[in-house]
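Everything below concerns the one structure shown next.
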Amino acid sequence: MATAQATHQTFEDRLKRINKGAANTMGEVHIGPRDEEKARNGKATNTVRLKAKKKNVKVGEGSNWVLVPVALVIGAMCAFAGLAAAFHFFQDGGLMPVVLPEAVAMLDPYLIYAHLAIGGVLALIFTWTFGFNGLFRKLAVVAGFGAMLFGHAQLVEQFPAVYTNFFSEAYVAAALG
């Protein structure tokens with residue numbers, strides 16, 4: 001308690017000396033940040049210097065010239081992954097077939113849309129992960145997704161060996177026929 005009072009008294013004495021304009025003081029008390037305008041013009045040199053703040057770079061603040069093509073590719077990859085996953089889960093000849101019990105047989109008509117659900121969830125995850133904040137970037141993901149779905153048959157015709165590796169020979173034969 002005694003040291004706190006001594007420190008407070010020393011501070012009060014210092015303020016009195018500054019207000020009087022005593023030796024080794026400038027006669028004024030500066031509180032708060034300095035005025036940058038005056039400091040640039042050569043005035044107010046007796047203030048504390050402030051460091052320039054570093055810019056905080058956030059994920060997803062890159063150029064659209066780079067991120068939009070990346071978003072297109074990610075959308076296309078999500079659609080392709082959704083097609084492959086739906087094939088392997090719900091089609092004959094898949095690697096991990098899921099057999100739905102009779103109690104949920106009412107879902108059978110909706111299984112043709114499984115690739116959209118799987119790919120859509122992947123697209124949402126990657127959109128959030130890569131920080132595609134703007135509308136333009138999100139639309140690029142959707143455009144890539146749609147382009148892959150729309151051009152799926154043409155890609156199977158162009159690259160049947162690649163699709164055979166990801167799906168099966170029967171799938172490629174059925175897509176070509």
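Please note that chains go A, B, ... in the order of the structure tokens, that every chain numbers its residues from 1, and that ligands are numbered from 1 in the order shown.
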Q: Extract, using only C-alpha atoms, all DNA, RNA and protein residues at most 12 Å from A:Ala114, discarding same-chain residues fewer than 5 positions from it, and format them as a list of chain:residue names.
A: A:Ala79, A:Ala81, A:Gly82, A:Leu83, A:Ala84, A:Ala85, A:Ala86, A:Phe87, A:His88, A:Phe89, A:Phe90, A:Gln91, A:Leu107, A:Asp108, A:Pro109, A:Gly119, A:Gly120, A:Val121
Q | Which of A:Met1, A:Phe80, A:Phe11, A:Ala6 sits closest to A:Gly151 [using only C-alpha atoms] | A |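 Among the listed residues, the smallest separation from A:Gly151 belongs to A:Phe80.
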Q: Assign secondary structure with DSSP using the backbone only, and return the residues of stretch 80-167 of chain A in helix (DSSP H, G or I) as a PyMOL selection string.
A: chain A and resi 80-90+102-129+135-150+152-158+160-166
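Among the candidate residues A:Gln9, A:Thr127, A:Glu169, A:Leu155, the one lying nearest to A:Val68 is A:Thr127, with distances computed using only C-alpha atoms.
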Q | Best match for closeness to A:Gln158 among A:Ala175, A:Leu72, A:Ala4, A:Val66, counting only C-alpha atoms | A | A:Ala175
